[in-house]
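Data file: work34.txt. Format and content: compact mmCIF, C-alpha atoms.
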# COMPACT_ATOMS: atom_id res chain seq x y z
CA MET N 220 -5.02 43.63 42.04
CA LYS N 221 -3.41 40.21 41.99
CA PRO N 222 -5.75 37.22 41.63
CA SER N 223 -5.85 34.88 44.57
CA PRO N 224 -3.75 31.70 44.17
CA ASP N 225 -6.95 29.69 43.76
CA ALA N 226 -8.21 31.95 41.01
CA ALA N 227 -4.84 31.87 39.24
CA GLU N 228 -4.87 28.08 39.38
CA ALA N 229 -8.38 27.98 37.93
CA VAL N 230 -7.29 30.18 35.03
CA ALA N 231 -4.20 28.05 34.45
CA THR N 232 -6.14 24.81 34.36
CA ALA N 233 -8.57 26.32 31.90
CA LEU N 234 -5.88 27.04 29.31
CA PRO N 235 -6.31 25.05 26.09
CA GLY N 236 -4.27 21.89 25.84
CA MET N 237 -3.47 21.54 29.54
CA ALA N 238 -5.17 18.17 29.92
CA ILE N 239 -3.62 16.82 26.72
CA LEU N 240 -0.16 18.05 27.66
CA ALA N 241 -0.37 16.59 31.14
CA ASP N 242 -1.48 13.26 29.69
CA VAL N 243 1.42 13.17 27.19
CA ARG N 244 3.95 14.12 29.89
CA ARG N 245 2.62 11.39 32.16
CA GLU N 246 2.85 8.85 29.36
CA VAL N 247 6.42 9.84 28.43
CA ASP N 248 7.49 9.59 32.07
CA THR N 249 5.89 6.21 32.68
CA THR N 250 6.64 4.45 29.40
CA ARG N 251 10.08 5.72 28.48
CA GLU N 252 11.52 2.22 28.46
CA LEU N 253 8.81 0.95 26.14
CA MET N 254 9.84 3.38 23.41
CA CYS N 255 13.10 1.58 22.78
CA PRO N 256 12.93 -0.90 19.90
CA CYS N 257 15.40 -3.28 21.53
CA ASP N 258 13.71 -3.02 24.92
CA ASP N 259 16.87 -2.21 26.82
CA TYR N 260 16.70 1.56 26.95
CA ASP N 261 19.43 2.22 29.50
CA ASN N 262 22.08 0.05 27.87
CA CYS N 263 20.95 0.21 24.29
CA GLN N 264 23.35 1.28 21.56
CA TYR N 265 20.63 1.52 18.97
CA ASP N 266 20.89 4.72 16.92
CA ASN N 267 17.39 5.98 17.56
CA ASN N 268 18.04 6.34 21.26
CA MET U 286 24.73 -14.78 2.07
CA THR U 287 27.51 -12.55 3.43
CA THR U 288 26.78 -11.45 6.96
CA THR U 289 28.28 -8.89 9.26
CA LYS U 290 28.72 -9.40 13.01
CA ALA U 291 25.66 -10.39 15.00
CA SER U 292 23.33 -7.49 15.74
CA PRO U 293 21.04 -7.16 18.78
CA ARG U 294 17.39 -8.05 18.73
CA VAL U 295 16.38 -4.99 16.76
CA VAL U 296 13.21 -5.97 14.94
CA SER U 297 10.16 -4.73 16.79
CA LYS U 298 7.73 -4.22 13.93
CA VAL U 299 6.89 -6.77 11.26
CA LEU U 300 4.55 -6.19 8.35
CA VAL U 301 3.08 -9.21 6.60
CA THR U 302 1.05 -8.95 3.40
CA PRO U 303 -0.54 -12.43 3.39
CA VAL U 304 -2.30 -11.86 0.05
CA GLY U 305 0.16 -9.37 -1.37
CA MET U 306 -1.40 -6.20 -2.78
CA GLN U 307 -4.70 -7.89 -3.68
CA CYS U 308 -7.64 -5.63 -2.81
CA ASN U 309 -11.36 -5.31 -3.52
CA MET U 310 -11.08 -1.55 -3.88
CA ALA U 311 -9.40 0.78 -6.34
CA CYS U 312 -8.85 3.98 -4.41
CA GLU U 313 -7.80 6.73 -6.75
CA TYR U 314 -4.78 7.67 -4.65
CA CYS U 315 -3.66 4.16 -3.66
CA CYS U 316 0.09 4.05 -3.08
CA ASN U 317 0.12 0.48 -4.34
CA GLN U 318 -0.55 1.74 -7.85
CA PHE U 319 3.03 2.97 -7.79
CA CYS U 320 4.24 -0.48 -6.87
CA SER U 321 5.09 -2.90 -9.65
CA ASP U 322 3.65 -5.63 -7.44
CA PHE U 323 0.14 -4.27 -7.91
CA VAL U 324 -1.41 -6.54 -10.51
CA PRO U 325 -4.98 -7.72 -9.89
CA ARG U 326 -5.00 -11.48 -10.02
CA PRO U 327 -6.50 -14.48 -8.24
CA VAL U 328 -5.75 -14.30 -4.52
CA VAL U 329 -2.58 -16.18 -3.54
CA THR U 330 -2.18 -16.64 0.21
CA MET U 331 1.18 -16.89 1.92
CA PRO U 332 1.77 -20.55 2.89
CA LEU U 333 1.78 -21.19 6.64
CA GLY U 334 5.17 -22.90 6.16
CA LEU U 335 6.64 -19.56 5.09
CA LEU U 336 5.09 -17.89 8.13
CA ASP U 337 6.75 -20.52 10.30
CA ARG U 338 10.10 -19.59 8.74
CA LEU U 339 9.39 -15.95 9.51
CA TYR U 340 8.51 -16.77 13.13
CA GLU U 341 11.60 -18.95 13.52
CA GLY U 342 13.72 -16.05 12.29
CA LEU U 343 11.99 -13.67 14.68
CA THR U 344 12.98 -15.82 17.63
CA GLU U 345 16.55 -14.69 16.85
CA VAL U 346 16.10 -11.04 15.85
CA ALA U 347 12.85 -9.78 17.42
CA SER U 348 12.83 -7.58 20.50
CA PRO U 349 10.91 -8.95 23.51
CA ARG U 350 7.87 -6.91 22.49
CA CYS U 351 7.05 -7.16 18.82
CA THR U 352 4.17 -5.90 16.71
CA ILE U 353 3.01 -7.88 13.70
CA ILE U 354 0.86 -5.87 11.30
CA TRP U 355 -1.25 -7.78 8.78
CA HIS U 356 -1.31 -5.48 5.81
CA GLY U 357 -2.09 -5.38 2.12
CA GLY U 358 -3.77 -4.84 -0.23
CA GLU U 359 -6.65 -6.07 1.85
CA PRO U 360 -5.47 -8.77 4.29
CA THR U 361 -9.00 -10.00 5.08
CA PHE U 362 -8.86 -11.85 1.74
CA ALA U 363 -6.76 -14.42 3.60
CA GLY U 364 -9.90 -15.29 5.64
CA PRO U 365 -10.47 -15.55 9.40
CA ALA U 366 -9.43 -19.22 9.54
CA TYR U 367 -6.06 -18.29 8.04
CA LEU U 368 -5.44 -15.49 10.52
CA ARG U 369 -6.46 -17.76 13.41
CA SER U 370 -3.89 -20.36 12.30
CA ALA U 371 -1.29 -17.68 11.66
CA ILE U 372 -1.66 -16.38 15.21
CA GLU U 373 -1.68 -19.84 16.75
CA HIS U 374 1.57 -20.60 14.93
CA GLN U 375 3.10 -17.68 16.90
CA ALA U 376 3.34 -20.06 19.88
CA ILE U 377 7.05 -20.46 19.06
CA LEU U 378 7.54 -16.75 19.76
CA ARG U 379 5.58 -16.86 23.02
CA GLN U 380 7.65 -19.85 24.13
CA ARG U 381 10.79 -17.74 23.68
CA GLY U 382 9.32 -14.95 25.80
CA ILE U 383 8.47 -12.66 22.88
CA VAL U 384 5.18 -10.82 23.40
CA VAL U 385 3.41 -10.27 20.10
CA GLN U 386 0.76 -7.64 19.46
CA ASN U 387 -1.15 -8.40 16.26
CA CYS U 388 -2.64 -5.50 14.29
CA LEU U 389 -4.51 -5.54 10.98
CA GLN U 390 -4.96 -2.71 8.49
CA THR U 391 -8.25 -3.05 6.64
CA ASN U 392 -10.73 -1.08 4.55
CA ALA U 393 -13.41 -2.64 6.83
CA THR U 394 -15.77 -3.42 3.95
CA ARG U 395 -15.39 -7.19 4.41
CA LEU U 396 -15.59 -7.37 8.20
CA THR U 397 -18.08 -9.81 9.71
CA ASP U 398 -19.07 -10.97 13.19
CA GLU U 399 -16.61 -13.84 12.75
CA TRP U 400 -13.73 -11.46 12.08
CA CYS U 401 -14.65 -9.30 15.08
CA GLU U 402 -14.93 -12.32 17.40
CA LEU U 403 -11.47 -13.40 16.25
CA PHE U 404 -10.09 -9.92 16.95
CA ARG U 405 -11.58 -10.05 20.44
CA GLN U 406 -10.34 -13.56 21.15
CA TYR U 407 -6.74 -12.88 20.13
CA GLY U 408 -6.50 -9.21 21.06
CA VAL U 409 -5.91 -8.17 17.43
CA ARG U 410 -6.10 -4.41 16.97
CA PRO U 411 -7.59 -3.46 13.61
CA SER U 412 -6.97 -0.12 12.00
CA ILE U 413 -9.60 1.09 9.56
CA SER U 414 -8.93 3.12 6.43
CA LEU U 415 -11.73 5.69 6.49
CA ASP U 416 -11.34 9.20 5.12
CA GLY U 417 -13.74 11.07 7.38
CA PRO U 418 -17.28 12.00 6.34
CA PRO U 419 -18.74 10.50 3.13
CA THR U 420 -18.09 13.75 1.23
CA PHE U 421 -14.36 13.04 1.44
CA HIS U 422 -14.30 9.25 1.77
CA ASP U 423 -16.46 8.47 -1.25
CA ARG U 424 -14.65 10.89 -3.48
CA TYR U 425 -11.61 8.65 -3.89
CA ARG U 426 -12.25 5.41 -1.99
CA ARG U 427 -14.31 3.41 -4.49
CA THR U 428 -14.60 -0.15 -5.72
CA ARG U 429 -13.13 -1.24 -9.05
CA SER U 430 -16.56 -0.69 -10.59
CA GLY U 431 -16.70 2.84 -9.20
CA HIS U 432 -19.15 2.37 -6.32
CA PRO U 433 -18.68 4.44 -3.15
CA THR U 434 -17.66 2.49 -0.04
CA TYR U 435 -18.41 4.71 2.97
CA GLY U 436 -21.56 2.78 3.89
CA ARG U 437 -19.80 -0.59 3.88
CA ALA U 438 -16.76 0.70 5.78
CA ARG U 439 -19.07 2.38 8.30
CA ARG U 440 -20.89 -0.94 8.86
CA GLY U 441 -17.50 -2.55 9.53
CA LEU U 442 -16.80 0.12 12.12
CA ASP U 443 -20.18 -0.52 13.76
CA LEU U 444 -19.39 -4.24 13.95
CA LEU U 445 -16.11 -3.52 15.73
CA ARG U 446 -17.97 -1.39 18.25
CA LYS U 447 -20.66 -4.01 18.71
CA HIS U 448 -17.96 -6.53 19.63
CA ASP U 449 -16.09 -3.98 21.73
CA VAL U 450 -12.89 -4.34 19.67
CA ARG U 451 -10.33 -1.61 20.26
CA HIS U 452 -9.58 -0.06 16.90
CA GLY U 453 -8.04 2.96 15.22
CA LEU U 454 -8.59 4.96 12.04
CA LEU U 455 -6.25 6.06 9.29
CA VAL U 456 -7.40 9.06 7.26
CA VAL U 457 -5.71 10.06 4.01
CA VAL U 458 -5.58 13.83 3.68
CA THR U 459 -6.19 14.86 0.10
CA ARG U 460 -6.02 18.33 -1.38
CA SER U 461 -9.81 18.69 -1.35
CA MET U 462 -9.85 18.10 2.41
CA VAL U 463 -7.36 20.88 3.23
CA PRO U 464 -9.86 23.75 3.80
CA HIS U 465 -12.10 21.54 5.92
CA ALA U 466 -10.19 20.71 9.10
CA ASP U 467 -13.21 21.85 11.17
CA GLN U 468 -15.53 19.48 9.34
CA VAL U 469 -13.13 16.57 9.79
CA PHE U 470 -12.71 17.29 13.50
CA ASP U 471 -16.48 17.58 14.00
CA TRP U 472 -16.87 14.20 12.30
CA LEU U 473 -14.22 12.57 14.53
CA GLN U 474 -16.08 13.90 17.55
CA SER U 475 -19.56 12.96 16.37
CA GLU U 476 -18.36 9.43 15.54
CA GLU U 477 -16.64 9.19 18.93
CA ILE U 478 -13.36 8.12 17.32
CA ARG U 479 -10.69 7.50 19.96
CA HIS U 480 -7.53 6.68 17.96
CA VAL U 481 -6.78 8.25 14.59
CA ASP U 482 -3.99 9.46 12.39
CA LEU U 483 -4.20 11.67 9.33
CA LEU U 484 -1.52 11.06 6.71
CA PRO U 485 -0.94 13.07 3.54
CA CYS U 486 -1.84 11.55 0.21
CA PHE U 487 1.45 10.98 -1.61
CA GLU U 488 1.79 10.49 -5.39
CA PRO U 489 5.57 10.27 -5.87
CA GLU U 490 5.64 9.71 -9.64
CA LEU U 491 3.37 12.70 -10.21
CA ILE U 492 5.07 14.92 -7.64
CA VAL U 493 8.41 14.52 -9.46
CA ASP U 494 6.82 16.04 -12.58
CA GLY U 495 4.74 18.58 -10.67
CA ARG U 496 1.53 16.88 -11.89
CA GLN U 497 0.08 15.74 -8.56
CA HIS U 498 -3.61 16.53 -8.25
CA LEU U 499 -4.70 14.65 -5.12
CA SER U 500 -1.67 15.17 -2.85
CA PRO U 501 -1.71 18.35 -0.78
CA THR U 502 1.36 20.55 -1.13
CA PRO U 503 3.64 20.61 1.94
CA ASP U 504 2.20 24.01 2.91
CA GLU U 505 -1.37 22.77 2.44
CA TYR U 506 -0.87 19.66 4.56
CA GLY U 507 0.90 21.74 7.21
CA ARG U 508 -1.97 24.22 7.26
CA PHE U 509 -4.59 21.46 7.52
CA MET U 510 -2.76 19.80 10.40
CA THR U 511 -2.20 23.02 12.34
CA ASP U 512 -5.88 23.96 11.89
CA LEU U 513 -6.88 20.52 13.12
CA PHE U 514 -4.41 20.73 15.99
CA ASP U 515 -5.98 23.96 17.23
CA ARG U 516 -9.44 22.33 17.35
CA TRP U 517 -7.98 19.32 19.18
CA TRP U 518 -6.01 21.50 21.59
CA LEU U 519 -9.00 23.73 22.35
CA ASN U 520 -11.24 20.69 22.86
CA ASP U 521 -8.53 19.34 25.20
CA ASP U 522 -9.75 15.76 25.46
CA PRO U 523 -6.81 13.32 25.89
CA GLY U 524 -9.28 10.52 25.14
CA LEU U 525 -9.16 11.51 21.48
CA ASP U 526 -5.73 10.28 20.43
CA ILE U 527 -4.51 11.93 17.20
CA ARG U 528 -1.28 10.05 16.70
CA THR U 529 0.78 12.61 14.80
CA PHE U 530 -0.01 15.30 17.36
CA ARG U 531 0.82 13.06 20.28
CA ASP U 532 4.09 12.05 18.60
CA VAL U 533 5.08 15.69 18.08
CA LEU U 534 4.17 16.46 21.69
CA ARG U 535 6.11 13.43 22.93
CA SER U 536 9.20 14.66 21.10
CA LEU U 537 8.77 18.19 22.44
CA VAL U 538 8.59 17.01 26.06
CA GLY U 539 11.57 14.65 25.82
CA GLY U 540 10.01 11.37 24.76
CA GLN U 541 10.22 9.40 21.55
CA PRO U 542 7.60 9.17 18.82
CA TYR U 543 5.86 5.85 18.19
CA VAL U 544 5.44 6.13 14.43
CA CYS U 545 8.24 4.85 12.22
CA SER U 546 8.22 7.83 9.86
CA TRP U 547 9.34 10.06 12.76
CA ARG U 548 12.22 7.80 13.76
CA GLY U 549 14.60 8.31 10.84
CA SER U 550 15.25 4.71 9.85
CA CYS U 551 13.38 1.56 8.86
CA SER U 552 16.11 -0.68 10.27
CA TRP U 553 13.91 -1.97 13.12
CA ILE U 554 11.12 -2.98 10.68
CA VAL U 555 10.82 -5.85 8.24
CA SER U 556 8.07 -6.58 5.78
CA VAL U 557 7.33 -9.92 4.14
CA ASN U 558 5.04 -10.53 1.17
CA GLU U 559 3.03 -13.63 0.27
CA ARG U 560 6.00 -15.09 -1.63
CA GLY U 561 8.36 -14.73 1.33
CA GLU U 562 10.28 -11.76 -0.12
CA VAL U 563 11.62 -9.46 2.58
CA TYR U 564 11.77 -5.64 2.41
CA PRO U 565 12.40 -2.86 4.94
CA CYS U 566 8.70 -1.85 4.75
CA ALA U 567 5.58 -2.89 2.83
CA ARG U 568 5.83 0.29 0.83
CA TYR U 569 9.00 -1.02 -0.87
CA HIS U 570 7.34 -4.24 -2.05
CA GLY U 571 8.17 -4.90 -5.68
CA LEU U 572 11.15 -2.52 -5.78
CA PRO U 573 14.11 -4.89 -6.37
CA ASP U 574 16.75 -2.36 -5.30
CA THR U 575 15.39 -2.50 -1.74
CA SER U 576 14.73 -6.24 -1.49
CA LEU U 577 16.66 -7.92 1.32
CA GLY U 578 16.15 -11.39 -0.15
CA SER U 579 13.72 -14.24 0.34
CA LEU U 580 12.72 -16.50 3.19
CA THR U 581 12.55 -19.33 0.65
CA THR U 582 16.36 -19.33 0.39
CA ASP U 583 17.66 -17.56 3.52
CA THR U 584 16.73 -17.25 7.16
CA LEU U 585 15.37 -13.94 8.43
CA SER U 586 18.31 -13.69 10.76
CA ASP U 587 20.75 -13.91 7.82
CA LEU U 588 18.80 -11.29 5.89
CA ILE U 589 18.69 -8.87 8.84
CA ARG U 590 22.36 -9.33 9.61
CA GLY U 591 23.32 -9.43 5.93
CA ARG U 592 25.33 -6.85 4.05
CA LYS U 593 22.34 -5.71 1.95
CA HIS U 594 20.39 -4.68 5.06
CA GLN U 595 23.37 -2.85 6.53
CA GLU U 596 24.02 -1.06 3.22
CA LEU U 597 20.39 -0.06 2.93
CA ARG U 598 20.41 1.28 6.46
CA LEU U 599 23.50 3.39 5.70
CA ARG U 600 21.92 4.69 2.49
CA MET U 601 18.79 5.69 4.41
CA GLU U 602 20.74 7.47 7.11
CA SER U 603 23.16 9.22 4.74
CA GLY U 604 20.14 10.54 2.84
CA GLN U 605 19.42 12.93 5.68
CA GLN U 606 22.45 15.17 5.13
CA ASP U 607 20.21 18.12 4.29
CA CYS U 608 18.59 17.84 7.75
CA ARG U 609 21.77 18.24 9.79
CA THR U 610 21.28 21.92 10.51
CA CYS U 611 17.54 21.64 11.17
CA ARG U 612 16.55 22.44 14.75
CA TRP U 613 13.78 19.83 14.58
CA LEU U 614 15.90 16.88 13.39
CA SER U 615 16.00 15.03 16.69
CA ALA U 616 12.22 15.23 16.96
CA CYS U 617 11.42 14.66 13.29
CA GLY U 618 13.92 11.96 12.34
CA GLY U 619 14.32 13.45 8.87
CA GLY U 620 11.10 12.11 7.38
CA CYS U 621 9.98 8.74 6.06
CA PRO U 622 12.91 7.12 4.19
CA PHE U 623 10.51 5.56 1.70
CA ALA U 624 9.04 8.97 0.86
CA ARG U 625 12.56 10.17 0.03
CA TYR U 626 13.35 7.07 -1.99
CA ALA U 627 10.07 7.07 -3.91
CA LEU U 628 10.67 10.38 -5.65
CA ARG U 629 13.79 9.40 -7.61
CA GLN U 630 14.74 5.96 -6.26
CA ASP U 631 17.33 7.77 -4.18
CA PHE U 632 17.35 8.19 -0.41
CA SER U 633 19.11 11.55 -0.73
CA SER U 634 16.03 13.18 -2.29
CA PRO U 635 14.53 15.80 0.02
CA TYR U 636 11.66 14.72 2.26
CA TYR U 637 8.63 16.08 0.41
CA TYR U 638 6.61 16.91 3.53
CA CYS U 639 9.53 18.53 5.38
CA ARG U 640 7.87 21.96 5.27
CA SER U 641 4.64 20.48 6.73
CA ARG U 642 6.59 19.14 9.67
CA GLN U 643 8.37 22.44 10.23
CA LEU U 644 5.01 24.20 10.29
CA MET U 645 3.65 21.64 12.77
CA PHE U 646 6.69 21.81 15.07
CA GLU U 647 6.71 25.61 15.10
CA HIS U 648 2.97 25.82 15.70
CA ILE U 649 2.73 23.08 18.31
CA SER U 650 5.82 24.18 20.24
CA ARG U 651 4.28 27.67 20.44
CA ARG U 652 1.07 26.20 21.85
CA VAL U 653 3.03 24.14 24.37
CA GLU U 654 4.92 27.25 25.52
CA GLU U 655 1.61 29.09 25.97
CA ALA U 656 0.22 26.22 28.02
CA SER U 657 3.38 25.97 30.11
CA VAL U 658 3.44 29.63 31.24

Before anything else, please render the file you have as structure tokens.
Amino acid sequence: MKPSPDAAEAVATALPGMAILADVRREVDTTRELMCPCDDYDNCQYDNN
Amino acid sequence: MTTTKASPRVVSKVLVTPVGMQCNMACEYCCNQFCSDFVPRPVVTMPLGLLDRLYEGLTEVASPRCTIIWHGGEPTFAGPAYLRSAIEHQAILRQRGIVVQNCLQTNATRLTDEWCELFRQYGVRPSISLDGPPTFHDRYRRTRSGHPTYGRARRGLDLLRKHDVRHGLLVVVTRSMVPHADQVFDWLQSEEIRHVDLLPCFEPELIVDGRQHLSPTPDEYGRFMTDLFDRWWLNDDPGLDIRTFRDVLRSLVGGQPYVCSWRGSCSWIVSVNERGEVYPCARYHGLPDTSLGSLTTDTLSDLIRGRKHQELRLRMESGQQDCRTCRWLSACGGGCPFARYALRQDFSSPYYYCRSRQLMFEHISRRVEEASV
């Protein structure tokens, strides 16, 4: 028998690391520009980009 | 000074050792013992005039957001009045639109209410050197006369909390700590630590001869970190920020790591000692081959744009030839350039903790895949 969508979601959210991973993904998405040492991420020619 | 063409505003991290390597402790594993600069002597503080020269140079080469880390030795020997003046002299940077975040690395044994009030007032973020529970901390972190220091460091931590100062912790992972990742994690939780990193003890001169006794082997450090990661992952509290793990995760999900040792080059960092000598990082202090020059004779801008800095950068980057076929290179950066250099004064030496990083990447990427199903 398949679990209901609600039950499947509950299991998924209970997996280890989900909260940490979501937090890191959110941070990467919202602060991408801040990672660049020269502060001009889109146009930067700095090697580490 | 021969200079190459003007470079962009690349410096975003500046280390200043205002009292050089002077310290009130004599930790058994201290990296400064491998630095020829480490000679106990009366405290000499960097003149504010030299700091002004540094700040003037930063107006030309610093990125719009710049971190200044007061480092040592033990930088609190400079005194709170000195740090207050040093920060107020940063007005020249603020006037040019450069936002400065001041940080301070300390053993916390000399912190007072006055220090904590200053941190609060100026938004300085201290990072405390504390090696977990007393069993581990007091084993190697002792005063010159051999007294343990956990109690004093712990009081410093309490003071920071009392004044509501945001702070972090740096833990040195020694060989004796390796089987005890659970104990270390339990301690982090019981002490409600929010920001921490755990770096391997590194004794380059002993490692070269195979005589290291405090440094974990690459496999041991990798095992400790993966054990610790599993506790952190299972606990699943993003409020406990373990920097290395977050940096690995950032890389795995398409971001960039924060920490310099995961970024492959020191070319966006400068470090200045109390005599105004400039190096790519504080860890090179006293190693003439890596000195960029002195603020007493040249401007920072000239030193950053100078041939020596460019040559050093090329030497660092060419040292990573052995990493070219590694699947983790883009995420790892090839390891800390200083760690390569320190083994044989040669950037082409292998990165000693390469295997640790491979273990971490393999383990953590597997956990991410499991969580992403």

Proximity check chain U to chain N, 9 Å, nearest pairs one decimal Å, all atoms listed in the file, as a Markdown table:
| residue | atom | partner | partner_atom | distance |
| --- | --- | --- | --- | --- |
| U:Pro293 | CA | N:Cys257 | CA | 7.4 |
| U:Arg294 | CA | N:Cys257 | CA | 5.9 |
| U:Val295 | CA | N:Cys257 | CA | 5.2 |
| U:Val296 | CA | N:Pro256 | CA | 7.1 |
| U:Ser297 | CA | N:Pro256 | CA | 5.7 |
| U:Lys298 | CA | N:Pro256 | CA | 8.6 |
| U:Ala347 | CA | N:Cys257 | CA | 8.1 |
| U:Ser348 | CA | N:Cys257 | CA | 5.1 |
| U:Pro349 | CA | N:Asp258 | CA | 6.7 |
| U:Arg350 | CA | N:Asp258 | CA | 7.4 |
| U:Cys351 | CA | N:Pro256 | CA | 8.7 |
| U:Asp515 | CA | N:Pro235 | CA | 8.9 |
| U:Trp517 | CA | N:Gly236 | CA | 8.0 |
| U:Trp518 | CA | N:Gly236 | CA | 4.6 |
| U:Leu519 | CA | N:Pro235 | CA | 4.8 |
| U:Asn520 | CA | N:Pro235 | CA | 7.3 |
| U:Asp521 | CA | N:Gly236 | CA | 5.0 |
| U:Asp522 | CA | N:Ile239 | CA | 6.3 |
| U:Pro523 | CA | N:Ile239 | CA | 4.8 |
| U:Gly524 | CA | N:Ile239 | CA | 8.6 |
| U:Arg531 | CA | N:Val243 | CA | 6.9 |
| U:Leu534 | CA | N:Val243 | CA | 7.0 |
| U:Arg535 | CA | N:Val243 | CA | 6.3 |
| U:Val538 | CA | N:Arg244 | CA | 6.7 |
| U:Gly539 | CA | N:Val247 | CA | 7.5 |
| U:Gly540 | CA | N:Val247 | CA | 5.4 |
| U:Gln541 | CA | N:Met254 | CA | 6.3 |
| U:Pro542 | CA | N:Met254 | CA | 7.7 |
| U:Tyr543 | CA | N:Met254 | CA | 7.0 |
| U:Arg548 | CA | N:Asn267 | CA | 6.7 |
| U:Gly549 | CA | N:Asn267 | CA | 7.6 |
| U:Ser550 | CA | N:Asn267 | CA | 8.1 |
| U:Trp553 | CA | N:Pro256 | CA | 6.9 |
| U:Gly618 | CA | N:Asn267 | CA | 8.7 |
| U:Arg652 | CA | N:Gly236 | CA | 7.9 |
| U:Val653 | CA | N:Leu240 | CA | 7.6 |
| U:Glu655 | CA | N:Leu234 | CA | 8.5 |
| U:Ala656 | CA | N:Met237 | CA | 6.2 |
| U:Ser657 | CA | N:Met237 | CA | 8.2 |
| U:Val658 | CA | N:Ala231 | CA | 8.4 |

Name the residues in contact with Leu396 of chain U at a cut-off of 12 Å, using all atoms listed in the file, excluding same-chain residues fewer than 2 positions from it; report them as a VMD selection string.
chain U and resid 359 to 362 364 to 365 389 to 394 398 to 404 411 to 413 437 to 446 448

Restricting the output to C-alpha atoms, write the selected residues as an mmCIF file, in the frame of the given file.
data_model
loop_
_atom_site.group_PDB
_atom_site.id
_atom_site.type_symbol
_atom_site.label_atom_id
_atom_site.label_comp_id
_atom_site.auth_asym_id
_atom_site.auth_seq_id
_atom_site.Cartn_x
_atom_site.Cartn_y
_atom_site.Cartn_z
ATOM 1 C CA GLU U 359 -6.650 -6.070 1.850
ATOM 2 C CA PRO U 360 -5.470 -8.770 4.290
ATOM 3 C CA THR U 361 -9.000 -10.000 5.080
ATOM 4 C CA PHE U 362 -8.860 -11.850 1.740
ATOM 5 C CA GLY U 364 -9.900 -15.290 5.640
ATOM 6 C CA PRO U 365 -10.470 -15.550 9.400
ATOM 7 C CA LEU U 389 -4.510 -5.540 10.980
ATOM 8 C CA GLN U 390 -4.960 -2.710 8.490
ATOM 9 C CA THR U 391 -8.250 -3.050 6.640
ATOM 10 C CA ASN U 392 -10.730 -1.080 4.550
ATOM 11 C CA ALA U 393 -13.410 -2.640 6.830
ATOM 12 C CA THR U 394 -15.770 -3.420 3.950
ATOM 13 C CA ASP U 398 -19.070 -10.970 13.190
ATOM 14 C CA GLU U 399 -16.610 -13.840 12.750
ATOM 15 C CA TRP U 400 -13.730 -11.460 12.080
ATOM 16 C CA CYS U 401 -14.650 -9.300 15.080
ATOM 17 C CA GLU U 402 -14.930 -12.320 17.400
ATOM 18 C CA LEU U 403 -11.470 -13.400 16.250
ATOM 19 C CA PHE U 404 -10.090 -9.920 16.950
ATOM 20 C CA PRO U 411 -7.590 -3.460 13.610
ATOM 21 C CA SER U 412 -6.970 -0.120 12.000
ATOM 22 C CA ILE U 413 -9.600 1.090 9.560
ATOM 23 C CA ARG U 437 -19.800 -0.590 3.880
ATOM 24 C CA ALA U 438 -16.760 0.700 5.780
ATOM 25 C CA ARG U 439 -19.070 2.380 8.300
ATOM 26 C CA ARG U 440 -20.890 -0.940 8.860
ATOM 27 C CA GLY U 441 -17.500 -2.550 9.530
ATOM 28 C CA LEU U 442 -16.800 0.120 12.120
ATOM 29 C CA ASP U 443 -20.180 -0.520 13.760
ATOM 30 C CA LEU U 444 -19.390 -4.240 13.950
ATOM 31 C CA LEU U 445 -16.110 -3.520 15.730
ATOM 32 C CA ARG U 446 -17.970 -1.390 18.250
ATOM 33 C CA HIS U 448 -17.960 -6.530 19.630
#

For atom CA of His422 of chain U and atom CA of Leu499 of chain U, the interatomic separation in Å (one decimal):
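Atom-to-atom, atom CA of His422 of chain U and atom CA of Leu499 of chain U are spaced 13.0 Å apart.
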
One decimal, in Å: what's the spacing between atom CA of Leu343 of chain U and atom CA of Gly620 of chain U?
26.8 Å

Counting only C-alpha atoms, what is within 10 Å of Asp583 of chain U, bar same-chain residues fewer than 6 positions away, as number ranges by chain?
U: 286, 338, 342, 561, 577

Once 4 Å is added on each side, what are the centre and the three edge lengths, in Å to one decimal, of the axis-aligned box enclosing the listed atoms of segment 508-524 of chain U? Present them as lines of an AutoDock Vina configuration file.
center_x = -6.6
center_y = 17.4
center_z = 16.6
size_x = 17.3
size_y = 21.7
size_z = 26.6

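The shortest atom-to-atom distance to Arg640 of chain U, with all atoms listed in the file taken into account, belongs to U:Thr502 out of U:Thr330, U:Asn558, U:Thr397, U:Thr502.
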